[in-house]
$ cat start_4.cif   # mmCIF, C-alpha atoms and all ligand atoms
data_work
#
loop_
_atom_site.label_atom_id
_atom_site.label_comp_id
_atom_site.auth_asym_id
_atom_site.auth_seq_id
_atom_site.Cartn_x
_atom_site.Cartn_y
_atom_site.Cartn_z
CA MET I 429 107.53 -4.37 -27.96
CA PHE I 430 110.54 -4.41 -30.27
CA ASP I 431 110.55 -2.27 -33.40
CA GLN I 432 112.94 -1.07 -36.11
CA SER I 433 114.68 1.23 -33.65
CA THR I 434 115.42 -1.52 -31.06
CA LEU I 435 118.79 -2.53 -32.59
CA LYS I 436 118.98 0.07 -35.35
CA ASP I 437 122.38 -0.11 -37.12
CA LYS I 438 123.88 -2.22 -34.32
CA VAL I 439 126.55 -4.61 -35.57
CA VAL I 440 125.91 -8.21 -34.48
CA PHE I 441 128.48 -11.03 -34.92
CA ILE I 442 126.98 -14.50 -34.44
CA ALA I 443 129.36 -17.46 -34.24
CA GLY I 444 127.27 -20.48 -35.24
CA GLY I 445 124.66 -18.21 -36.79
CA THR I 446 124.26 -20.19 -40.00
CA SER I 447 121.49 -22.55 -38.83
CA GLY I 448 118.97 -23.37 -36.13
CA ILE I 449 118.56 -21.29 -33.01
CA ASN I 450 121.34 -18.84 -33.87
CA LEU I 451 120.02 -18.24 -37.39
CA GLY I 452 116.68 -17.48 -35.71
CA ILE I 453 118.45 -14.93 -33.51
CA ALA I 454 120.13 -13.44 -36.59
CA LYS I 455 116.83 -13.04 -38.42
CA GLY I 456 115.09 -11.64 -35.35
CA MET I 457 117.84 -9.08 -34.79
CA ALA I 458 117.92 -8.11 -38.49
CA ALA I 459 114.17 -7.52 -38.31
CA VAL I 460 114.71 -4.92 -35.57
CA GLY I 461 117.38 -3.00 -37.49
CA ALA I 462 120.70 -4.78 -36.85
CA LYS I 463 123.58 -5.35 -39.27
CA ILE I 464 124.35 -9.06 -39.15
CA ALA I 465 127.47 -11.21 -39.64
CA VAL I 466 126.96 -14.99 -39.36
CA LEU I 467 129.81 -17.46 -39.01
CA GLY I 468 130.09 -21.22 -39.53
CA ARG I 469 132.58 -23.79 -40.84
CA ASN I 470 130.79 -24.41 -44.12
CA SER I 471 131.05 -21.44 -46.49
CA ASP I 472 128.12 -22.44 -48.74
CA LYS I 473 125.88 -22.85 -45.69
CA ALA I 474 127.05 -19.46 -44.35
CA LEU I 475 126.37 -17.74 -47.69
CA ALA I 476 122.90 -19.30 -47.87
CA ALA I 477 122.16 -18.16 -44.31
CA ALA I 478 123.29 -14.59 -45.02
CA GLN I 479 121.11 -14.56 -48.15
CA GLU I 480 118.13 -15.91 -46.18
CA ILE I 481 118.55 -13.21 -43.51
CA THR I 482 118.86 -10.43 -46.10
CA GLU I 483 115.79 -11.69 -48.01
CA SER I 484 113.71 -12.05 -44.84
CA VAL I 485 114.09 -8.36 -43.94
CA LYS I 486 114.77 -6.65 -47.26
CA SER I 487 111.66 -4.47 -47.13
CA ILE I 488 112.38 -3.21 -43.60
CA ASN I 489 116.15 -3.30 -43.12
CA GLY I 490 118.46 -1.71 -45.69
CA HIS I 491 121.43 -3.84 -44.63
CA SER I 492 122.74 -7.03 -46.25
CA ALA I 493 123.88 -9.76 -43.88
CA ILE I 494 127.43 -11.05 -44.41
CA ALA I 495 128.77 -14.61 -44.30
CA LEU I 496 132.01 -15.52 -42.51
CA THR I 497 133.79 -18.86 -42.45
CA ALA I 498 135.91 -20.09 -39.53
CA ASP I 499 136.26 -22.96 -37.12
CA VAL I 500 135.80 -21.51 -33.62
CA ARG I 501 138.44 -23.97 -32.34
CA ASP I 502 141.10 -22.08 -34.29
CA PRO I 503 141.98 -18.64 -32.82
CA GLU I 504 143.61 -17.44 -36.04
CA GLN I 505 140.50 -18.19 -38.09
CA VAL I 506 138.29 -16.50 -35.47
CA GLU I 507 140.52 -13.39 -35.46
CA ASN I 508 140.38 -13.17 -39.26
CA ALA I 509 136.58 -13.45 -39.18
CA LEU I 510 136.29 -10.73 -36.53
CA GLN I 511 138.53 -8.42 -38.57
CA SER I 512 136.47 -9.12 -41.69
CA CYS I 513 133.27 -8.27 -39.82
CA VAL I 514 134.68 -4.96 -38.54
CA ALA I 515 136.03 -4.06 -42.01
CA GLN I 516 132.65 -4.70 -43.65
CA LEU I 517 130.12 -3.63 -40.99
CA GLY I 518 132.03 -1.66 -38.32
CA LYS I 519 132.90 -2.42 -34.69
CA ILE I 520 130.73 -5.00 -32.97
CA ASP I 521 127.87 -4.03 -30.61
CA CYS I 522 126.65 -7.55 -29.90
CA LEU I 523 128.92 -10.60 -29.94
CA ILE I 524 127.18 -13.95 -29.77
CA SER I 525 128.90 -17.30 -29.24
CA GLY I 526 126.52 -20.08 -30.23
CA ALA I 527 128.54 -22.66 -32.17
CA ALA I 528 128.26 -26.10 -30.59
CA GLY I 529 128.56 -29.81 -31.27
CA ASN I 530 126.56 -32.63 -29.73
CA PHE I 531 126.15 -36.36 -30.17
CA PRO I 532 124.28 -38.28 -27.48
CA ALA I 533 126.40 -41.21 -26.32
CA PRO I 534 127.13 -43.08 -23.08
CA ALA I 535 130.32 -41.93 -21.34
CA LEU I 536 132.02 -45.25 -22.11
CA GLY I 537 131.21 -44.71 -25.80
CA ILE I 538 132.87 -41.29 -25.95
CA SER I 539 136.59 -41.46 -26.69
CA PRO I 540 138.93 -38.85 -25.24
CA LYS I 541 138.98 -37.30 -28.72
CA GLY I 542 135.18 -37.26 -28.87
CA PHE I 543 135.03 -35.56 -25.44
CA LYS I 544 137.71 -33.05 -26.44
CA THR I 545 135.90 -32.27 -29.68
CA VAL I 546 132.79 -31.03 -27.87
CA ILE I 547 134.80 -29.20 -25.19
CA ASP I 548 136.84 -27.51 -27.92
CA ILE I 549 133.87 -26.37 -30.01
CA ASP I 550 131.65 -25.25 -27.14
CA LEU I 551 133.95 -24.11 -24.33
CA LEU I 552 137.24 -23.20 -26.02
CA GLY I 553 135.27 -21.84 -28.99
CA THR I 554 133.34 -19.48 -26.72
CA TYR I 555 136.58 -18.36 -25.08
CA ASN I 556 138.13 -17.70 -28.49
CA VAL I 557 135.14 -15.68 -29.68
CA PHE I 558 134.90 -13.56 -26.51
CA HIS I 559 138.62 -13.23 -25.74
CA LEU I 560 139.54 -12.23 -29.29
CA GLY I 561 136.27 -10.36 -29.82
CA PHE I 562 137.08 -8.02 -26.90
CA ASN I 563 139.40 -6.02 -29.18
CA HIS I 564 136.69 -5.56 -31.81
CA ILE I 565 133.70 -4.40 -29.74
CA ASN I 566 132.24 -1.00 -29.01
CA LYS I 567 131.92 0.38 -25.48
CA GLY I 568 128.62 -0.82 -24.07
CA ALA I 569 128.68 -4.02 -26.13
CA SER I 570 126.55 -7.00 -25.18
CA LEU I 571 128.22 -10.42 -25.19
CA ILE I 572 125.90 -13.43 -25.21
CA ALA I 573 126.83 -17.12 -25.00
CA ILE I 574 124.30 -19.78 -25.89
CA THR I 575 124.43 -22.35 -23.11
CA ALA I 576 121.98 -25.18 -22.30
CA PRO I 577 120.05 -26.82 -19.43
CA GLN I 578 122.80 -29.48 -19.41
CA ALA I 579 124.99 -26.89 -17.65
CA VAL I 580 123.00 -27.31 -14.45
CA THR I 581 120.74 -30.36 -14.91
CA VAL I 582 122.23 -33.80 -15.48
CA MET I 583 121.19 -35.46 -18.73
CA PRO I 584 122.28 -39.05 -19.49
CA PHE I 585 124.56 -39.53 -22.51
CA GLN I 586 125.59 -35.87 -22.31
CA VAL I 587 128.73 -35.92 -20.13
CA HIS I 588 130.68 -33.91 -22.73
CA VAL I 589 127.94 -31.31 -23.25
CA CYS I 590 127.16 -31.03 -19.52
CA ALA I 591 130.85 -30.36 -18.79
CA ALA I 592 131.25 -27.90 -21.67
CA LYS I 593 128.10 -25.88 -20.96
CA ALA I 594 128.78 -25.79 -17.20
CA GLY I 595 132.16 -24.30 -18.08
CA ILE I 596 130.50 -21.72 -20.30
CA ASN I 597 128.18 -20.67 -17.46
CA MET I 598 131.16 -19.96 -15.20
CA MET I 599 133.04 -18.25 -18.02
CA ILE I 600 130.11 -15.87 -18.48
CA LYS I 601 130.25 -14.89 -14.81
CA CYS I 602 134.05 -14.52 -14.71
CA LEU I 603 134.08 -12.28 -17.78
CA ALA I 604 131.14 -10.20 -16.47
CA VAL I 605 133.17 -9.46 -13.35
CA GLU I 606 136.41 -8.68 -15.22
CA TRP I 607 134.85 -6.67 -18.04
CA GLY I 608 131.90 -4.95 -16.34
CA ALA I 609 133.97 -1.84 -15.65
CA SER I 610 134.49 -1.42 -19.41
CA GLY I 611 130.75 -0.98 -19.83
CA ILE I 612 130.40 -4.45 -21.34
CA THR I 613 127.75 -6.97 -20.30
CA VAL I 614 128.32 -10.72 -20.57
CA ASN I 615 125.29 -12.97 -20.30
CA GLY I 616 124.01 -16.36 -21.38
CA ILE I 617 120.79 -17.71 -22.80
CA SER I 618 119.87 -21.28 -21.94
CA PRO I 619 117.29 -22.60 -24.42
CA GLY I 620 115.19 -25.68 -23.79
CA PRO I 621 114.66 -28.08 -26.69
CA ILE I 622 113.66 -26.01 -29.72
CA ASN I 623 111.44 -27.34 -32.51
CA GLY I 624 113.03 -27.96 -35.90
CA THR I 625 116.66 -27.64 -34.78
CA GLU I 626 119.60 -29.99 -35.15
CA GLY I 627 120.27 -30.11 -31.41
CA ALA I 628 116.70 -31.13 -30.56
CA GLU I 629 116.64 -33.69 -33.41
CA ARG I 630 119.80 -35.30 -32.08
CA LEU I 631 118.40 -35.60 -28.54
CA ALA I 632 114.86 -36.62 -29.59
CA PRO I 633 115.08 -38.17 -33.07
CA THR I 634 111.62 -39.81 -33.13
CA PRO I 635 108.07 -38.57 -32.35
CA GLU I 636 108.03 -40.96 -29.38
CA ALA I 637 111.28 -39.57 -28.00
CA LYS I 638 109.98 -36.03 -28.48
CA ALA I 639 106.73 -36.84 -26.66
CA ALA I 640 108.66 -38.45 -23.80
CA MET I 641 110.94 -35.44 -23.52
CA SER I 642 108.04 -32.96 -23.69
CA ALA I 643 106.22 -34.83 -20.90
CA LYS I 644 109.13 -34.12 -18.56
CA ILE I 645 109.14 -30.37 -19.24
CA ALA I 646 107.01 -28.18 -16.96
CA SER I 647 105.46 -26.39 -19.97
CA LYS I 648 104.89 -29.78 -21.71
CA ARG I 649 106.29 -28.70 -25.07
CA PHE I 650 109.37 -27.71 -27.04
CA GLY I 651 110.07 -24.03 -27.70
CA GLU I 652 110.41 -22.09 -30.97
CA THR I 653 113.44 -20.26 -32.35
CA LYS I 654 111.53 -16.98 -31.89
CA ASP I 655 111.49 -17.57 -28.12
CA ILE I 656 115.28 -17.46 -28.09
CA ALA I 657 115.53 -14.62 -30.60
CA ASP I 658 113.28 -12.44 -28.42
CA ALA I 659 115.46 -13.10 -25.35
CA ALA I 660 118.63 -12.24 -27.30
CA ILE I 661 117.12 -9.01 -28.65
CA TYR I 662 116.11 -8.03 -25.12
CA LEU I 663 119.62 -8.64 -23.75
CA ALA I 664 121.31 -6.81 -26.65
CA SER I 665 118.94 -3.84 -26.55
CA ASP I 666 118.87 -0.90 -24.19
CA MET I 667 116.27 -2.81 -22.14
CA GLY I 668 118.96 -5.28 -21.06
CA ARG I 669 121.56 -2.68 -20.11
CA TYR I 670 121.70 -3.59 -16.38
CA ILE I 671 121.67 -7.36 -16.85
CA ASN I 672 125.20 -8.67 -16.36
CA GLY I 673 126.60 -12.10 -15.57
CA SER I 674 123.20 -13.72 -15.75
CA ILE I 675 121.97 -16.86 -17.50
CA MET I 676 118.50 -16.29 -18.92
CA THR I 677 116.67 -19.63 -19.04
CA VAL I 678 114.19 -19.78 -21.91
CA ASP I 679 113.29 -23.43 -21.57
CA GLY I 680 109.69 -23.90 -20.44
CA GLY I 681 111.09 -25.15 -17.14
CA THR I 682 113.36 -27.85 -18.61
CA GLU I 683 116.15 -26.95 -16.21
CA LEU I 684 113.90 -27.52 -13.19
CA GLY I 685 114.02 -31.28 -13.72
CA ASP I 686 111.46 -34.04 -14.23
CA ALA I 687 107.86 -32.71 -14.27
CA SER I 688 106.37 -35.90 -15.78
CA GLU I 689 103.06 -37.33 -14.55
CA ASP I 690 104.84 -40.36 -13.11
CA CYS I 691 107.11 -38.11 -11.12
CA LEU I 692 104.18 -35.96 -9.91
CA LYS I 693 102.17 -39.07 -8.95
CA ILE I 694 104.53 -40.16 -6.19
CA PRO I 695 102.15 -40.79 -3.25
CA LEU I 696 102.36 -38.24 -0.47
CA ARG I 697 101.93 -39.13 3.19
P1 LIG T 701 122.88 -26.10 -35.26
O1 LIG T 701 121.73 -25.80 -36.15
O2 LIG T 701 123.59 -27.40 -35.43
O3 LIG T 701 123.91 -24.89 -35.43
C1 LIG T 701 125.23 -25.00 -35.07
C2 LIG T 701 125.94 -23.81 -35.68
O4 LIG T 701 127.30 -23.79 -35.24
C3 LIG T 701 125.97 -23.84 -37.21
O5 LIG T 701 126.01 -22.52 -37.68
C4 LIG T 701 127.30 -24.55 -37.48
O6 LIG T 701 127.74 -24.27 -38.80
C5 LIG T 701 128.15 -23.89 -36.39
N1 LIG T 701 129.31 -24.68 -35.98
C6 LIG T 701 129.36 -25.94 -35.50
N2 LIG T 701 130.62 -26.27 -35.19
C7 LIG T 701 131.38 -25.19 -35.48
C8 LIG T 701 132.76 -24.91 -35.39
N3 LIG T 701 133.62 -25.81 -34.93
N4 LIG T 701 133.21 -23.68 -35.76
C9 LIG T 701 132.34 -22.74 -36.25
N5 LIG T 701 131.02 -22.95 -36.35
C10 LIG T 701 130.56 -24.16 -35.99
O7 LIG T 701 122.55 -25.98 -33.70
P2 LIG T 701 121.23 -25.69 -32.82
O8 LIG T 701 120.62 -26.98 -32.49
O9 LIG T 701 120.39 -24.62 -33.39
O10 LIG T 701 121.96 -25.16 -31.49
C11 LIG T 701 122.47 -23.83 -31.44
C12 LIG T 701 122.96 -23.50 -30.05
O11 LIG T 701 121.90 -23.66 -29.11
C13 LIG T 701 124.10 -24.40 -29.55
O12 LIG T 701 124.97 -23.63 -28.74
C14 LIG T 701 123.38 -25.42 -28.70
O13 LIG T 701 124.22 -26.02 -27.74
C15 LIG T 701 122.31 -24.55 -28.07
N6 LIG T 701 121.13 -25.28 -27.62
C16 LIG T 701 120.35 -25.91 -28.56
C17 LIG T 701 119.16 -26.52 -28.17
C18 LIG T 701 118.24 -27.12 -29.20
O14 LIG T 701 117.13 -27.57 -28.86
N7 LIG T 701 118.61 -27.12 -30.46
C19 LIG T 701 118.81 -26.56 -26.80
C20 LIG T 701 119.67 -25.97 -25.88
C21 LIG T 701 120.82 -25.30 -26.29
P3 LIG T 701 128.71 -25.29 -39.57
O15 LIG T 701 128.11 -26.65 -39.41
O16 LIG T 701 128.78 -24.79 -40.99
O17 LIG T 701 130.00 -25.17 -38.89
N1 LIG T 702 129.34 -41.32 -30.52
C1 LIG T 702 130.58 -41.37 -30.02
N2 LIG T 702 131.61 -40.62 -30.52
C2 LIG T 702 131.33 -39.79 -31.56
C3 LIG T 702 130.06 -39.70 -32.12
C4 LIG T 702 129.03 -40.52 -31.56
N3 LIG T 702 127.77 -40.49 -32.02
N4 LIG T 702 130.10 -38.80 -33.13
C5 LIG T 702 131.37 -38.34 -33.19
N5 LIG T 702 132.11 -38.95 -32.24
C6 LIG T 702 133.55 -38.79 -32.02
C7 LIG T 702 134.31 -39.32 -33.21
O1 LIG T 702 134.29 -40.73 -33.18
C8 LIG T 702 135.68 -38.72 -33.03
O2 LIG T 702 136.48 -39.40 -32.09
P1 LIG T 702 137.41 -40.68 -32.49
O3 LIG T 702 138.27 -40.24 -33.64
O4 LIG T 702 138.18 -40.97 -31.23
O5 LIG T 702 136.49 -41.78 -32.87
C9 LIG T 702 135.33 -37.37 -32.42
O6 LIG T 702 133.98 -37.46 -31.93
C10 LIG T 702 135.44 -36.25 -33.41
O7 LIG T 702 134.58 -36.54 -34.51
P2 LIG T 702 134.70 -35.77 -35.89
O8 LIG T 702 133.57 -36.21 -36.75
O9 LIG T 702 136.09 -35.90 -36.41
O10 LIG T 702 134.52 -34.26 -35.42
P3 LIG T 702 134.11 -32.99 -36.21
O11 LIG T 702 134.89 -31.88 -35.62
O12 LIG T 702 134.17 -33.19 -37.69
O13 LIG T 702 132.53 -32.84 -35.85
C11 LIG T 702 130.83 -33.20 -34.17
C12 LIG T 702 132.11 -32.46 -34.57
C13 LIG T 702 131.16 -34.68 -33.95
C14 LIG T 702 130.32 -32.60 -32.86
C15 LIG T 702 129.75 -33.12 -35.30
O14 LIG T 702 128.61 -33.84 -34.90
C16 LIG T 702 129.36 -31.70 -35.64
O15 LIG T 702 130.03 -31.07 -36.45
N6 LIG T 702 128.29 -31.14 -35.02
C17 LIG T 702 127.80 -29.78 -35.30
C18 LIG T 702 126.30 -29.72 -35.33
C19 LIG T 702 125.68 -30.10 -34.01
O16 LIG T 702 126.18 -30.94 -33.27
N7 LIG T 702 124.54 -29.45 -33.74
C20 LIG T 702 123.86 -29.57 -32.49
C21 LIG T 702 124.27 -28.45 -31.60
S1 LIG T 702 123.56 -28.68 -29.99
#
$ encode --input "start_4.cif" --output "structure tokens" --more "lines below"
Ligand code: NAP
Ligand code: COA
Amino acid sequence: MFDQSTLKDKVVFIAGGTSGINLGIAKGMAAVGAKIAVLGRNSDKALAAAQEITESVKSINGHSAIALTADVRDPEQVENALQSCVAQLGKIDCLISGAAGNFPAPALGISPKGFKTVIDIDLLGTYNVFHLGFNHINKGASLIAITAPQAVTVMPFQVHVCAAKAGINMMIKCLAVEWGASGITVNGISPGPINGTEGAERLAPTPEAKAAMSAKIASKRFGETKDIADAAIYLASDMGRYINGSIMTVDGGTELGDASEDCLKIPLR
């Protein structure tokens, strides 16, 4: 069980923490004692998210969450945001890279610029956050990248996301090897489709599409933001201290592939 001491006074920087899954992680971590900085491109959205986090835990956590604005594709903006976090909250104990972009489209409908856009936000953005963040973390820090089942399981109309998230999975392992001796852990969390989030809405925009997608998942349903928040808290806490270079799948079996009735009804000899 997590409690107020689980991440007490730990400084958490969450790139892409202003909505969806990552905002869920931010709120979950604030509820177990952390000091939170959330970052996005839109400053009003970031301020609203910081306010929402602070309000959600005001009776149990004395800290106010802070809002940072940067585009993760721009190293200078990321560096400024990291410095602002350290100046306001202190050196970082948990650095999360979760900013991402997605639009489902057939490969022939994705221009080179469209492909580059997703690679730049997801893959280069994660490199920027971790590479620059290295100089702003405490010994023993936990680095977490938010990846996706598309890193290992092919999904049609997702060539850009599959390529970007596969790259993130390898980046996690490379950095774990290079930085492990510094007492740092580098891990990933791979969520399945999560209810009420932008990413899931883009992939399954209608009730019919959602039902069809759920039918293919071993657990037959979408997950909740709390499922991912709990995994992140575990990795960032003392309980996760010996987990390094791993990708924690929290996806109801999405990554395993098609578990639909049709697929399971293939006649056996
Ligand atoms: P979301 O609500 O759209 O959140 C995206 C976040 O990233 C927002 O804070 C957004 O803020 C920020 N962002 C986007 N582009 C950015 C940029 N260039 N620079 C800085 N910040 C940027 O997303 P979500 O659906 O919850 O997904 C969150 C993460 O989980 C992503 O890494 C996604 O790939 C992964 N994931 C999601 C699902 C799902 O079901 N939703 C499943 C598997 C994996 P601004 O718009 O203000 O920039
Ligand atoms: N199909 C094909 N190409 C598309 C597209 C679509 N549905 N949507 C965007 N693109 C292309 C654009 O056409 C453009 O390329 P072009 O100039 O050659 O036509 C390229 O992608 C960049 O688009 P732009 O809107 O300028 O990029 P941006 O940096 O402002 O926004 C996105 C990035 C496109 C990923 C945008 O959807 C976004 O900001 N997403 C963040 C939220 C999100 O995706 N959440 C889910 C996370 S899993």
$ atom_distance --input "start_4.cif" --atom1 "atom CA of I:Gly561" --atom2 "atom CA of I:Cys513"
10.6 Å
$ atom_distance --input "start_4.cif" --atom1 "atom N7 of ligand LIG 701 (chain T)" --atom2 "atom CA of I:Ser492"
25.9 Å
$ residues_near_ligand --input "start_4.cif" --ligand "ligand LIG 702 (chain T)" --cutoff "10 Å" --atoms "only C-alpha atoms and all ligand atoms" --output "PyMOL selection string"
chain I and resi 444+447-449+468-469+499+501+526-550+574-576+585+589+621+625-631
$ atom_distance --input "start_4.cif" --atom1 "atom N7 of ligand LIG 701 (chain T)" --atom2 "atom CA of I:Ile622"
5.1 Å
$ residues_around --input "start_4.cif" --residues "I:Lys455" --least-positions-apart "3" --cutoff "9 Å" --atoms "only C-alpha atoms" --output "PDB file with C-alpha atoms, in the frame of the given file"
ATOM      1  CA  ASN I 450     121.340 -18.840 -33.870  1.00  0.00           C
ATOM      2  CA  LEU I 451     120.020 -18.240 -37.390  1.00  0.00           C
ATOM      3  CA  GLY I 452     116.680 -17.480 -35.710  1.00  0.00           C
ATOM      4  CA  ALA I 458     117.920  -8.110 -38.490  1.00  0.00           C
ATOM      5  CA  ALA I 459     114.170  -7.520 -38.310  1.00  0.00           C
ATOM      6  CA  VAL I 460     114.710  -4.920 -35.570  1.00  0.00           C
ATOM      7  CA  ILE I 464     124.350  -9.060 -39.150  1.00  0.00           C
ATOM      8  CA  GLU I 480     118.130 -15.910 -46.180  1.00  0.00           C
ATOM      9  CA  ILE I 481     118.550 -13.210 -43.510  1.00  0.00           C
ATOM     10  CA  THR I 482     118.860 -10.430 -46.100  1.00  0.00           C
ATOM     11  CA  SER I 484     113.710 -12.050 -44.840  1.00  0.00           C
ATOM     12  CA  VAL I 485     114.090  -8.360 -43.940  1.00  0.00           C
ATOM     13  CA  ALA I 657     115.530 -14.620 -30.600  1.00  0.00           C
TER      14      ALA I 657
END
$ closest_residue --input "start_4.cif" --among "I:Thr497, I:Thr581, I:Thr653, I:Gln479" --to "I:Gly624" --atoms "all atoms listed in the file"
I:Thr653
$ residues_around --input "start_4.cif" --residues "stretch 685-690 of chain I" --least-positions-apart "6" --cutoff "10 Å" --atoms "all atoms listed in the file" --output "JSON list (two decimals) with C-alpha atoms, keeping the file's coordinate frame"
[["chain", "number", "residue", "atom", "x", "y", "z"],
["I", 577, "PRO", "CA", 120.05, -26.82, -19.43],
["I", 580, "VAL", "CA", 123.00, -27.31, -14.45],
["I", 581, "THR", "CA", 120.74, -30.36, -14.91],
["I", 582, "VAL", "CA", 122.23, -33.80, -15.48],
["I", 583, "MET", "CA", 121.19, -35.46, -18.73],
["I", 640, "ALA", "CA", 108.66, -38.45, -23.80],
["I", 641, "MET", "CA", 110.94, -35.44, -23.52],
["I", 642, "SER", "CA", 108.04, -32.96, -23.69],
["I", 643, "ALA", "CA", 106.22, -34.83, -20.90],
["I", 644, "LYS", "CA", 109.13, -34.12, -18.56],
["I", 645, "ILE", "CA", 109.14, -30.37, -19.24],
["I", 646, "ALA", "CA", 107.01, -28.18, -16.96],
["I", 647, "SER", "CA", 105.46, -26.39, -19.97],
["I", 648, "LYS", "CA", 104.89, -29.78, -21.71]]
$ residues_around --input "start_4.cif" --residues "stretch 665-670 of chain I" --least-positions-apart "4" --cutoff "8 Å" --atoms "only C-alpha atoms" --output "VMD selection string"
chain I and resid 434 to 435 613 661
$ decode --input "start_4.cif" --residues "stretch 443-449 of chain I" --atoms "all heavy atoms" --output "PDB file, in the first residue's frame"
ATOM      1  N   ALA I 443       7.136  15.748 -17.959  1.00  0.00           N
ATOM      2  CA  ALA I 443       6.948  16.340 -19.285  1.00  0.00           C
ATOM      3  C   ALA I 443       5.700  15.718 -19.904  1.00  0.00           C
ATOM      4  O   ALA I 443       5.592  14.497 -20.012  1.00  0.00           O
ATOM      5  CB  ALA I 443       8.169  16.064 -20.156  1.00  0.00           C
ATOM      6  N   GLY I 444       4.753  16.564 -20.286  1.00  0.00           N
ATOM      7  CA  GLY I 444       3.465  16.070 -20.787  1.00  0.00           C
ATOM      8  C   GLY I 444       2.494  15.778 -19.655  1.00  0.00           C
ATOM      9  O   GLY I 444       1.531  15.037 -19.840  1.00  0.00           O
ATOM     10  N   GLY I 445       2.752  16.400 -18.497  1.00  0.00           N
ATOM     11  CA  GLY I 445       1.931  16.100 -17.313  1.00  0.00           C
ATOM     12  C   GLY I 445       0.680  16.953 -17.176  1.00  0.00           C
ATOM     13  O   GLY I 445       0.050  16.963 -16.120  1.00  0.00           O
ATOM     14  N   THR I 446       0.310  17.664 -18.249  1.00  0.00           N
ATOM     15  CA  THR I 446      -0.797  18.612 -18.106  1.00  0.00           C
ATOM     16  C   THR I 446      -2.150  18.037 -18.514  1.00  0.00           C
ATOM     17  O   THR I 446      -3.153  18.732 -18.429  1.00  0.00           O
ATOM     18  CB  THR I 446      -0.516  19.909 -18.898  1.00  0.00           C
ATOM     19  OG1 THR I 446      -0.441  19.605 -20.298  1.00  0.00           O
ATOM     20  CG2 THR I 446       0.788  20.551 -18.460  1.00  0.00           C
ATOM     21  N   SER I 447      -2.178  16.786 -18.972  1.00  0.00           N
ATOM     22  CA  SER I 447      -3.479  16.148 -19.248  1.00  0.00           C
ATOM     23  C   SER I 447      -3.329  14.629 -19.264  1.00  0.00           C
ATOM     24  O   SER I 447      -2.220  14.092 -19.241  1.00  0.00           O
ATOM     25  CB  SER I 447      -4.088  16.640 -20.576  1.00  0.00           C
ATOM     26  OG  SER I 447      -3.240  16.372 -21.656  1.00  0.00           O
ATOM     27  N   GLY I 448      -4.477  13.962 -19.285  1.00  0.00           N
ATOM     28  CA  GLY I 448      -4.532  12.525 -19.529  1.00  0.00           C
ATOM     29  C   GLY I 448      -3.779  11.656 -18.531  1.00  0.00           C
ATOM     30  O   GLY I 448      -3.800  11.891 -17.320  1.00  0.00           O
ATOM     31  N   ILE I 449      -3.100  10.671 -19.084  1.00  0.00           N
ATOM     32  CA  ILE I 449      -2.393   9.673 -18.276  1.00  0.00           C
ATOM     33  C   ILE I 449      -1.365  10.333 -17.353  1.00  0.00           C
ATOM     34  O   ILE I 449      -1.255  10.006 -16.167  1.00  0.00           O
ATOM     35  CB  ILE I 449      -1.680   8.662 -19.207  1.00  0.00           C
ATOM     36  CG1 ILE I 449      -2.725   7.764 -19.888  1.00  0.00           C
ATOM     37  CG2 ILE I 449      -0.645   7.845 -18.447  1.00  0.00           C
ATOM     38  CD1 ILE I 449      -2.138   6.808 -20.915  1.00  0.00           C
TER      39      ILE I 449
END
